[in-house]
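Novice: Structure: input17.csv, CSV, C-alpha atoms and all ligand atoms.
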```
chain,number,residue,atom,x,y,z
A,167,MET,CA,-11.1,147.4,-123.3
A,168,ARG,CA,-10.1,150.7,-121.8
A,169,ILE,CA,-6.8,152.3,-122.7
A,170,ASP,CA,-5.7,155.6,-121.1
A,171,VAL,CA,-2.9,157.6,-122.6
A,172,PHE,CA,-1.0,160.4,-120.8
A,173,THR,CA,0.6,162.8,-123.2
A,174,ILE,CA,1.4,166.4,-123.6
A,175,PHE,CA,0.5,166.0,-127.3
A,176,PRO,CA,-3.0,164.5,-127.1
A,177,GLU,CA,-3.8,165.8,-130.6
A,178,MET,CA,-1.3,163.3,-132.1
A,179,LEU,CA,-3.3,160.4,-130.5
A,180,ARG,CA,-6.6,162.0,-131.3
A,181,GLN,CA,-5.7,162.0,-135.0
A,182,PHE,CA,-4.6,158.4,-134.8
A,183,ALA,CA,-7.8,157.4,-133.0
A,184,GLY,CA,-9.9,158.9,-135.8
A,185,HIS,CA,-8.7,156.4,-138.4
A,186,SER,CA,-9.2,152.8,-139.5
A,187,LEU,CA,-9.3,150.0,-137.1
A,188,VAL,CA,-9.0,152.0,-133.9
A,189,SER,CA,-11.8,154.4,-134.8
A,190,ARG,CA,-14.1,151.5,-135.7
A,191,ALA,CA,-13.3,149.8,-132.4
A,192,ILE,CA,-14.1,153.1,-130.6
A,193,ARG,CA,-17.4,153.5,-132.5
A,194,ASN,CA,-18.4,149.9,-131.8
A,195,GLU,CA,-17.6,150.5,-128.1
A,196,LEU,CA,-15.0,147.7,-128.1
A,197,LEU,CA,-12.4,150.2,-127.2
A,198,ASP,CA,-12.6,153.1,-124.8
A,199,LEU,CA,-9.6,155.3,-125.5
A,200,ARG,CA,-9.1,158.2,-123.0
A,201,LEU,CA,-6.5,160.9,-123.4
A,202,HIS,CA,-5.0,163.0,-120.5
A,203,ASP,CA,-2.7,165.9,-120.8
A,204,PRO,CA,-0.4,166.5,-117.8
A,205,ARG,CA,-0.4,170.2,-118.8
A,206,GLY,CA,-3.9,170.4,-117.4
A,207,HIS,CA,-2.3,169.7,-114.0
A,208,THR,CA,0.2,172.6,-113.9
A,209,SER,CA,-0.1,175.6,-111.7
A,210,ASP,CA,2.3,178.2,-113.3
A,211,ALA,CA,1.4,180.7,-116.0
A,212,HIS,CA,3.5,178.8,-118.6
A,213,ARG,CA,1.9,175.5,-117.8
A,214,SER,CA,5.4,174.0,-117.5
A,215,VAL,CA,5.8,170.3,-117.5
A,216,ASP,CA,9.6,170.2,-117.6
A,217,ASP,CA,12.6,171.7,-115.8
A,218,SER,CA,16.4,171.6,-116.0
A,219,PRO,CA,18.1,168.5,-114.5
A,220,PHE,CA,19.6,168.5,-111.0
A,221,GLY,CA,23.3,168.1,-111.3
A,222,GLY,CA,23.4,170.1,-114.5
A,223,GLY,CA,23.6,169.0,-118.1
A,224,ALA,CA,21.8,169.7,-121.3
A,225,GLY,CA,18.2,169.3,-122.0
A,226,MET,CA,15.1,169.2,-119.8
A,227,VAL,CA,13.5,166.6,-117.6
A,228,MET,CA,9.7,166.1,-117.2
A,229,MET,CA,8.6,167.0,-113.7
A,230,PRO,CA,6.9,164.5,-111.5
A,231,GLY,CA,4.1,166.7,-110.3
A,232,PRO,CA,1.9,167.2,-113.3
A,233,ILE,CA,2.3,163.5,-114.3
A,234,PHE,CA,1.4,162.1,-110.8
A,235,ASP,CA,-1.6,164.5,-110.7
A,236,ALA,CA,-2.8,163.6,-114.1
A,237,VAL,CA,-2.6,159.8,-113.4
A,238,GLU,CA,-4.2,160.1,-110.0
A,239,ALA,CA,-7.1,162.2,-111.3
A,240,ALA,CA,-7.8,159.8,-114.1
A,241,ASP,CA,-8.1,156.6,-112.0
A,242,SER,CA,-6.8,154.9,-115.1
A,243,PRO,CA,-6.5,151.1,-115.6
A,244,ARG,CA,-3.4,149.4,-114.5
A,245,PRO,CA,-0.8,148.4,-115.5
A,246,LEU,CA,0.6,151.8,-116.4
A,247,TYR,CA,3.5,151.6,-118.8
A,248,LEU,CA,6.0,154.3,-119.5
A,249,LEU,CA,7.1,154.4,-123.1
A,250,GLY,CA,10.8,154.9,-123.5
A,251,PRO,CA,13.8,153.4,-125.3
A,252,GLY,CA,15.2,151.9,-122.1
A,253,GLY,CA,12.3,149.6,-121.4
A,254,ARG,CA,11.4,146.0,-122.0
A,255,ARG,CA,10.9,145.2,-125.6
A,256,PHE,CA,7.2,145.3,-126.7
A,257,ASP,CA,6.4,142.2,-128.8
A,258,GLN,CA,3.6,140.1,-130.1
A,259,ASP,CA,3.5,138.0,-126.9
A,260,LEU,CA,2.9,141.1,-124.8
A,261,ALA,CA,0.4,142.4,-127.3
A,262,ARG,CA,-1.5,139.1,-126.9
A,263,GLU,CA,-1.3,139.3,-123.1
A,264,LEU,CA,-2.6,142.9,-123.0
A,265,ALA,CA,-5.4,142.0,-125.4
A,266,GLN,CA,-6.7,139.5,-122.9
A,267,GLY,CA,-7.0,142.0,-120.1
A,268,GLU,CA,-9.6,144.7,-119.4
A,269,GLY,CA,-7.3,147.6,-120.1
A,270,PHE,CA,-4.0,149.3,-119.4
A,271,SER,CA,-2.4,152.8,-119.5
A,272,LEU,CA,0.4,154.4,-121.4
A,273,LEU,CA,2.6,157.3,-120.3
A,274,CYS,CA,4.4,159.1,-123.1
A,275,GLY,CA,7.8,160.4,-122.2
A,276,ARG,CA,9.2,163.5,-123.9
A,277,TYR,CA,12.3,165.6,-123.9
A,278,GLU,CA,15.5,164.1,-122.5
A,279,GLY,CA,13.8,162.2,-119.8
A,280,ILE,CA,11.3,161.8,-117.0
A,281,ASP,CA,12.0,162.4,-113.3
A,282,GLU,CA,13.2,159.0,-111.8
A,283,ARG,CA,10.4,159.1,-109.2
A,284,VAL,CA,7.9,158.5,-111.9
A,285,HIS,CA,9.8,155.3,-112.8
A,286,GLU,CA,10.1,154.3,-109.2
A,287,HIS,CA,6.7,155.2,-107.7
A,288,LEU,CA,4.1,155.6,-110.4
A,289,VAL,CA,4.6,153.2,-113.4
A,290,GLU,CA,4.7,149.4,-113.4
A,291,GLU,CA,7.2,149.1,-116.1
A,292,GLU,CA,8.9,150.8,-119.1
A,293,LEU,CA,8.2,149.5,-122.6
A,294,SER,CA,10.3,150.1,-125.7
A,295,ILE,CA,9.1,149.4,-129.2
A,296,GLY,CA,12.7,148.9,-130.6
A,297,ASP,CA,16.3,149.8,-130.4
A,298,TYR,CA,16.1,153.4,-131.6
A,299,VAL,CA,15.4,156.7,-130.0
A,300,LEU,CA,12.2,158.6,-130.8
A,301,SER,CA,11.6,162.2,-129.6
A,302,GLY,CA,8.8,161.0,-127.5
A,303,GLY,CA,6.5,158.1,-126.6
A,304,GLU,CA,3.5,159.1,-128.7
A,305,VAL,CA,4.3,157.1,-131.8
A,306,ALA,CA,5.3,154.2,-129.6
A,307,ALA,CA,1.9,154.5,-127.9
A,308,MET,CA,0.2,154.2,-131.3
A,309,VAL,CA,2.2,151.1,-132.1
A,310,VAL,CA,1.1,149.4,-128.8
A,311,ILE,CA,-2.5,150.5,-129.2
A,312,GLU,CA,-2.8,149.2,-132.7
A,313,ALA,CA,-0.9,145.9,-132.1
A,314,VAL,CA,-3.1,145.2,-129.0
A,315,SER,CA,-6.5,146.4,-130.3
A,316,ARG,CA,-6.4,144.2,-133.4
A,317,LEU,CA,-6.1,141.2,-131.1
A,318,VAL,CA,-9.2,142.0,-129.0
A,319,PRO,CA,-12.0,139.6,-129.9
A,320,GLY,CA,-14.5,141.2,-132.3
A,321,MET,CA,-12.3,144.0,-133.5
A,322,MET,CA,-11.6,142.5,-136.8
A,323,GLY,CA,-12.5,139.9,-139.4
A,324,ASN,CA,-11.3,136.4,-139.7
A,325,ALA,CA,-8.8,137.0,-142.4
A,326,GLU,CA,-6.7,139.3,-140.3
A,327,SER,CA,-6.9,137.0,-137.2
A,328,ALA,CA,-5.4,134.3,-139.4
A,329,THR,CA,-2.4,136.6,-140.0
A,330,GLU,CA,-1.9,136.8,-136.2
A,331,GLU,CA,-2.0,133.0,-136.1
A,332,SER,CA,0.8,132.8,-138.5
A,333,PHE,CA,3.0,135.2,-136.5
A,334,SER,CA,2.1,133.4,-133.3
A,335,SER,CA,3.6,130.2,-134.8
A,336,GLY,CA,6.9,132.1,-134.6
A,337,LEU,CA,7.3,132.5,-138.3
A,338,ILE,CA,7.1,135.5,-140.6
A,339,GLU,CA,4.5,135.7,-143.4
A,340,TYR,CA,4.5,133.7,-146.6
A,341,PRO,CA,4.2,135.8,-149.9
A,342,GLN,CA,0.8,136.8,-151.1
A,343,TYR,CA,-0.4,137.4,-154.7
A,344,THR,CA,-3.6,138.7,-156.3
A,345,ARG,CA,-4.7,139.3,-159.9
A,346,PRO,CA,-3.3,139.6,-162.5
A,347,ALA,CA,-1.7,136.1,-162.7
A,348,VAL,CA,1.0,137.6,-164.9
A,349,PHE,CA,2.2,141.2,-164.2
A,350,ARG,CA,4.9,142.7,-166.4
A,351,GLY,CA,6.0,139.2,-167.2
A,352,TRP,CA,6.3,138.1,-163.6
A,353,HIS,CA,4.2,135.0,-162.9
A,354,VAL,CA,2.3,134.0,-159.7
A,355,PRO,CA,3.8,130.7,-158.5
A,356,ALA,CA,2.0,127.8,-160.2
A,357,VAL,CA,1.3,126.1,-156.8
A,358,LEU,CA,-1.1,128.9,-155.9
A,359,ARG,CA,-3.2,128.3,-159.0
A,360,SER,CA,-3.2,124.5,-158.8
A,361,GLY,CA,-6.4,124.3,-156.8
A,362,ASP,CA,-4.7,121.8,-154.5
A,363,HIS,CA,-5.4,123.3,-151.0
A,364,ALA,CA,-3.2,120.9,-149.1
A,365,LEU,CA,-0.3,121.7,-151.5
A,366,VAL,CA,-0.9,125.4,-151.1
A,367,GLU,CA,-0.8,125.1,-147.3
A,368,ARG,CA,2.4,123.1,-147.4
A,369,TRP,CA,4.0,125.6,-149.8
A,370,ARG,CA,3.0,128.6,-147.6
A,371,LEU,CA,4.5,127.0,-144.6
A,372,ALA,CA,7.6,126.1,-146.5
A,373,MET,CA,7.9,129.7,-147.7
A,374,SER,CA,7.3,131.1,-144.2
A,375,LEU,CA,10.1,128.8,-142.9
A,376,ALA,CA,12.5,129.7,-145.7
A,377,ARG,CA,11.9,133.5,-145.2
A,378,THR,CA,12.2,133.2,-141.4
A,379,ILE,CA,15.5,131.3,-141.8
A,380,GLU,CA,16.8,134.0,-144.2
A,381,ARG,CA,15.5,137.1,-142.5
A,382,ARG,CA,15.0,136.2,-138.8
A,383,PRO,CA,17.3,133.4,-137.8
A,384,ASP,CA,16.7,134.4,-134.2
A,385,LEU,CA,13.1,133.3,-134.5
A,386,ILE,CA,14.2,129.8,-135.8
A,387,GLU,CA,16.5,129.6,-132.8
A,388,ARG,CA,13.6,130.4,-130.5
A,389,ARG,CA,11.8,127.4,-132.0
A,390,ARG,CA,14.9,125.3,-131.2
A,391,GLY,CA,16.0,125.0,-134.8
A,392,LEU,CA,14.4,123.1,-137.6
A,393,SER,CA,12.4,119.8,-137.1
A,394,ASP,CA,12.6,116.9,-139.4
A,395,GLU,CA,9.2,117.9,-140.8
A,396,ASP,CA,10.5,121.4,-141.4
A,397,LEU,CA,13.4,120.0,-143.3
A,398,ALA,CA,11.2,117.7,-145.3
A,399,LEU,CA,8.9,120.6,-146.2
A,400,LEU,CA,11.8,122.8,-147.4
A,401,ARG,CA,13.1,119.9,-149.4
A,402,GLU,CA,9.7,119.3,-151.0
A,403,PHE,CA,9.8,122.8,-152.5
A,404,ASP,CA,13.5,122.8,-153.1
A,405,LEU,CA,14.0,125.6,-150.5
A,406,LEU,CA,16.7,123.9,-148.5
A,407,GLY,CA,19.2,126.4,-149.9
A,408,GLY,CA,16.8,129.1,-148.8
A,409,PRO,CA,15.0,131.5,-151.1
A,410,GLU,CA,18.3,133.3,-151.7
A,411,GLY,CA,20.6,130.3,-151.5
A,412,LEU,CA,21.4,130.3,-147.8
A,413,ALA,CA,23.7,127.5,-146.7
A,414,THR,CA,21.8,125.0,-144.5
A,415,GLU,CA,24.8,124.7,-142.2
A,416,GLU,CA,23.9,128.2,-141.0
A,417,LEU,CA,20.4,127.2,-139.9
A,418,GLY,CA,21.4,125.6,-136.6
A,419,ASP,CA,21.8,121.9,-136.1
A,420,THR,CA,18.7,120.2,-135.0
A,421,GLU,CA,20.3,116.8,-134.3
A,422,PRO,CA,20.6,115.8,-130.7
A,501,LIG,N1,10.4,156.9,-126.7
A,501,LIG,C1,11.6,157.2,-127.3
A,501,LIG,N2,12.1,156.2,-127.9
A,501,LIG,C2,11.2,155.1,-127.7
A,501,LIG,C3,11.2,153.7,-128.0
A,501,LIG,N3,12.2,153.2,-128.8
A,501,LIG,N4,10.2,153.0,-127.6
A,501,LIG,C4,9.2,153.5,-126.9
A,501,LIG,N5,9.2,154.8,-126.5
A,501,LIG,C5,10.2,155.6,-126.9
```
Could you spell out this file's structure in structure tokens?

Specialist:
Amino acid sequence: MRIDVFTIFPEMLRQFAGHSLVSRAIRNELLDLRLHDPRGHTSDAHRSVDDSPFGGGAGMVMMPGPIFDAVEAADSPRPLYLLGPGGRRFDQDLARELAQGEGFSLLCGRYEGIDERVHEHLVEEELSIGDYVLSGGEVAAMVVIEAVSRLVPGMMGNAESATEESFSSGLIEYPQYTRPAVFRGWHVPAVLRSGDHALVERWRLAMSLARTIERRPDLIERRRGLSDEDLALLREFDLLGGPEGLATEELGDTEP
């Protein structure tokens, strides 16, 4: 997989690429990460990449020239996504989709904005990693690269792929424990030490359901509410009231 990133702060991405999963993927030639700095495509003494907005107003706007030149010189893989708070929400579905392709490119916005002609004539789409405003797209680019690259076949071990499986079922993770079995008087749930694998599996799914109901009811809605099996599972472990006593009436009616 090849990922090209256009940024006026390539050092931020270089630091990131030197660590953990991503550096291992690069070393193993599973990931070809290329960084491009639009500043290398400026012609003035100050290597300017921004200018004041037409029509007036505070702040600076990134100029189209250096960005177009950098992208055209790189012949980078498409689609090219601009990272910005106004874009389509990046999520696990899109991460999975991108992981199946050969590559893509990311353009990091900075300052107050980017000349609209970049939106209109250069990038395929704008992506946002959430409803908050960052100073630039670099951190968002790292989020996208990490979420995608861990899904590329061969990039990581089985244990972690299983975690993705669990999220792809549309539920959040069940709680995990390790030794010691009793820590400061707090016990690991007895189910997990029962040795009954089928029971452990049902408990984990029940906990995932209960947590998702409590923390992310929107994900339950996306699954069209709770099935009869879901309800039976919650009942089996006495979680129908939710881990924190959530009223079942709030869970969405699954009856036709
Ligand atoms: N740049 C600034 N804010 C952003 C966000 N929320 N997502 C992606 N890129 C951004």

Novice: Could I get the residues of chain A with an atom no further than 8 Å from an atom of ligand LIG 501 (chain A), each paired with its nearest atom pair and that distance in Å to one decimal, using all atoms listed in the file, sorted by chain and residue number, as a Markdown table?

Specialist:
```
| residue | atom | partner | partner_atom | distance |
| --- | --- | --- | --- | --- |
| A:Leu248 | CA | A:LIG501 | N5 | 7.7 |
| A:Leu249 | CA | A:LIG501 | N5 | 4.0 |
| A:Gly250 | CA | A:LIG501 | N5 | 3.4 |
| A:Pro251 | CA | A:LIG501 | C3 | 3.8 |
| A:Gly252 | CA | A:LIG501 | C3 | 7.4 |
| A:Gly253 | CA | A:LIG501 | N4 | 7.4 |
| A:Cys274 | CA | A:LIG501 | N5 | 7.3 |
| A:Gly275 | CA | A:LIG501 | N1 | 6.3 |
| A:Arg276 | CA | A:LIG501 | N1 | 7.3 |
| A:Leu293 | CA | A:LIG501 | C4 | 6.0 |
| A:Ser294 | CA | A:LIG501 | N4 | 3.5 |
| A:Ile295 | CA | A:LIG501 | N4 | 4.1 |
| A:Gly296 | CA | A:LIG501 | N3 | 4.7 |
| A:Asp297 | CA | A:LIG501 | N3 | 5.6 |
| A:Tyr298 | CA | A:LIG501 | N3 | 4.8 |
| A:Val299 | CA | A:LIG501 | N2 | 3.9 |
| A:Leu300 | CA | A:LIG501 | N2 | 3.8 |
| A:Ser301 | CA | A:LIG501 | C1 | 5.5 |
| A:Gly302 | CA | A:LIG501 | N1 | 4.5 |
| A:Gly303 | CA | A:LIG501 | N1 | 4.1 |
| A:Glu304 | CA | A:LIG501 | N5 | 7.5 |
| A:Val305 | CA | A:LIG501 | N5 | 7.6 |
| A:Ala306 | CA | A:LIG501 | C4 | 4.8 |
| A:Ala307 | CA | A:LIG501 | C4 | 7.4 |
```

Novice: How far is it from atom CA of Leu197 of chain A to atom CA of Met322 of chain A, in Å with one decimal?

Specialist: 12.3 Å

Novice: If we count all atoms listed in the file and set the cut-off at 12 Å, which residues sit around Arg388 of chain A, ignoring sequence neighbours fewer than 2 positions away in its own chain? Please answer as a PDB file with C-alpha atoms, keeping the file's coordinate frame.

Specialist:
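File result.pdb, as written:
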```pdb
ATOM      1  CA  SER A 335       3.600 130.200-134.800  1.00  0.00           C
ATOM      2  CA  GLY A 336       6.900 132.100-134.600  1.00  0.00           C
ATOM      3  CA  LEU A 337       7.300 132.500-138.300  1.00  0.00           C
ATOM      4  CA  THR A 378      12.200 133.200-141.400  1.00  0.00           C
ATOM      5  CA  ILE A 379      15.500 131.300-141.800  1.00  0.00           C
ATOM      6  CA  ARG A 382      15.000 136.200-138.800  1.00  0.00           C
ATOM      7  CA  PRO A 383      17.300 133.400-137.800  1.00  0.00           C
ATOM      8  CA  ASP A 384      16.700 134.400-134.200  1.00  0.00           C
ATOM      9  CA  LEU A 385      13.100 133.300-134.500  1.00  0.00           C
ATOM     10  CA  ILE A 386      14.200 129.800-135.800  1.00  0.00           C
ATOM     11  CA  ARG A 390      14.900 125.300-131.200  1.00  0.00           C
ATOM     12  CA  GLY A 391      16.000 125.000-134.800  1.00  0.00           C
ATOM     13  CA  LEU A 392      14.400 123.100-137.600  1.00  0.00           C
ATOM     14  CA  GLY A 418      21.400 125.600-136.600  1.00  0.00           C
TER      15      GLY A 418
END
```

Novice: Give me the residues near segment 178-186 of chain A as a count of residues only, where near means some atom within 10 Å (using all atoms listed in the file) and where sequence neighbours in that chain fewer than 5 positions away do not count.

Specialist: 15

Novice: At a cut-off of 10 Å, can you tabulate as JSON lines every residue of segment 276-309 of chain A near segment 213-223 of chain A together with its closest atom pair and the distance in Å to one decimal, using all atoms listed in the file and ordering rows by chain then number?

Specialist:
```
{"residue": "A:Arg276", "atom": "CA", "partner": "A:Asp216", "partner_atom": "CA", "distance": 9.2}
{"residue": "A:Tyr277", "atom": "CA", "partner": "A:Asp216", "partner_atom": "CA", "distance": 8.3}
{"residue": "A:Glu278", "atom": "CA", "partner": "A:Pro219", "partner_atom": "CA", "distance": 9.5}
{"residue": "A:Gly279", "atom": "CA", "partner": "A:Pro219", "partner_atom": "CA", "distance": 9.3}
{"residue": "A:Ile280", "atom": "CA", "partner": "A:Asp216", "partner_atom": "CA", "distance": 8.6}
{"residue": "A:Asp281", "atom": "CA", "partner": "A:Pro219", "partner_atom": "CA", "distance": 8.7}
```

Novice: Record the distance separating atom CA of Met226 of chain A and atom CA of His285 of chain A, expressed in Å with one decimal.

Specialist: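 Between atom CA of Met226 of chain A and atom CA of His285 of chain A the gap is 16.4 Å.
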
Novice: I need the residue nearest Ala261 of chain A from this list: A:Ala211, A:Ala239, A:Phe234, A:Arg316. Use all atoms listed in the file for the distance.

Specialist: A:Arg316

Novice: Pick out the residues sitting within 6 Å of segment 264-272 of chain A, and hand them over as a list of chain:residue names; count only C-alpha atoms, and ignore anything fewer than 3 positions along from it in its own chain.

Specialist: A:Met167, A:Arg168, A:Ile169, A:Asp170, A:Val171, A:Pro243, A:Arg244, A:Pro245, A:Leu246, A:Tyr247, A:Leu248, A:Ala261, A:Val314, A:Leu317, A:Val318

Novice: Would you mind listing what lies within 8 Å of Ala372 of chain A as a CSV table (one decimal) with C-alpha atoms, in the frame of the given file, with only C-alpha atoms counted and same-chain residues fewer than 5 positions away left out?

Specialist:
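out_14.csv written:
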```
chain,number,residue,atom,x,y,z
A,396,ASP,CA,10.5,121.4,-141.4
A,399,LEU,CA,8.9,120.6,-146.2
A,400,LEU,CA,11.8,122.8,-147.4
A,403,PHE,CA,9.8,122.8,-152.5
A,405,LEU,CA,14.0,125.6,-150.5
```

Novice: Can you tell me, as a list in words, which residues sit within 9 Å of (1.3, 174.5, -108.3) in the file's frame, using all atoms listed in the file?

Specialist: His207, Thr208, Ser209, Asp210, Gly231 and Pro232 of chain A

Novice: Which residue, A:Pro341, A:Glu292, A:His287, A:Arg381, has the smallest gap to Val366 of chain A when you use only C-alpha atoms?

Specialist: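 Among the listed residues, A:Pro341 lies closest to Val366 of chain A.
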
Novice: Could segment 286-306 of chain A be completed with N, CA, C and O atoms and returned as a short mmCIF file (atom, residue, chain, number, x, y, z; two decimals), in the coordinates of the input?

Specialist:
```
data_model
loop_
_atom_site.label_atom_id
_atom_site.label_comp_id
_atom_site.auth_asym_id
_atom_site.auth_seq_id
_atom_site.Cartn_x
_atom_site.Cartn_y
_atom_site.Cartn_z
N GLU A 286 10.03 155.05 -110.42
CA GLU A 286 10.10 154.30 -109.20
C GLU A 286 8.75 154.11 -108.49
O GLU A 286 8.49 153.09 -107.86
N HIS A 287 7.91 155.15 -108.56
CA HIS A 287 6.70 155.20 -107.70
C HIS A 287 5.40 155.28 -108.43
O HIS A 287 4.36 155.33 -107.80
N LEU A 288 5.41 155.36 -109.74
CA LEU A 288 4.10 155.60 -110.40
C LEU A 288 3.84 154.47 -111.46
O LEU A 288 2.73 153.96 -111.52
N VAL A 289 4.83 154.14 -112.28
CA VAL A 289 4.60 153.20 -113.40
C VAL A 289 4.97 151.77 -112.96
O VAL A 289 5.80 151.58 -112.09
N GLU A 290 4.33 150.81 -113.63
CA GLU A 290 4.70 149.40 -113.40
C GLU A 290 5.97 149.04 -114.10
O GLU A 290 6.80 148.32 -113.58
N GLU A 291 6.08 149.53 -115.32
CA GLU A 291 7.20 149.10 -116.10
C GLU A 291 7.40 150.04 -117.31
O GLU A 291 6.48 150.75 -117.69
N GLU A 292 8.63 150.04 -117.85
CA GLU A 292 8.90 150.80 -119.10
C GLU A 292 8.89 149.88 -120.26
O GLU A 292 9.40 148.76 -120.18
N LEU A 293 8.29 150.35 -121.35
CA LEU A 293 8.20 149.50 -122.60
C LEU A 293 8.92 150.29 -123.71
O LEU A 293 8.71 151.49 -123.89
N SER A 294 9.69 149.56 -124.51
CA SER A 294 10.30 150.10 -125.70
C SER A 294 9.78 149.39 -126.93
O SER A 294 9.55 148.19 -126.89
N ILE A 295 9.58 150.10 -128.03
CA ILE A 295 9.10 149.40 -129.20
C ILE A 295 10.29 149.02 -130.14
O ILE A 295 10.09 148.40 -131.18
N GLY A 296 11.51 149.34 -129.75
CA GLY A 296 12.70 148.90 -130.60
C GLY A 296 13.90 149.69 -130.19
O GLY A 296 13.85 150.68 -129.47
N ASP A 297 15.03 149.22 -130.72
CA ASP A 297 16.30 149.80 -130.40
C ASP A 297 16.64 151.03 -131.22
O ASP A 297 17.52 150.97 -132.09
N TYR A 298 15.89 152.08 -130.99
CA TYR A 298 16.10 153.40 -131.60
C TYR A 298 15.49 154.40 -130.73
O TYR A 298 14.65 154.06 -129.90
N VAL A 299 15.88 155.65 -130.89
CA VAL A 299 15.40 156.70 -130.00
C VAL A 299 14.41 157.60 -130.74
O VAL A 299 14.77 158.20 -131.75
N LEU A 300 13.18 157.66 -130.24
CA LEU A 300 12.20 158.60 -130.80
C LEU A 300 12.22 159.86 -129.92
O LEU A 300 12.76 159.86 -128.83
N SER A 301 11.60 160.93 -130.43
CA SER A 301 11.60 162.20 -129.60
C SER A 301 10.61 162.08 -128.47
O SER A 301 10.68 162.87 -127.55
N GLY A 302 9.72 161.13 -128.55
CA GLY A 302 8.80 161.00 -127.50
C GLY A 302 8.01 159.67 -127.62
O GLY A 302 8.17 158.96 -128.61
N GLY A 303 7.18 159.37 -126.64
CA GLY A 303 6.50 158.10 -126.60
C GLY A 303 5.22 158.00 -127.42
O GLY A 303 4.60 156.94 -127.49
N GLU A 304 4.80 159.12 -128.05
CA GLU A 304 3.50 159.10 -128.70
C GLU A 304 3.38 158.10 -129.84
O GLU A 304 2.39 157.37 -129.94
N VAL A 305 4.38 158.08 -130.70
CA VAL A 305 4.30 157.10 -131.80
C VAL A 305 4.38 155.69 -131.28
O VAL A 305 3.67 154.80 -131.75
N ALA A 306 5.18 155.49 -130.24
CA ALA A 306 5.30 154.20 -129.60
C ALA A 306 3.90 153.77 -129.02
O ALA A 306 3.48 152.61 -129.14
#
```
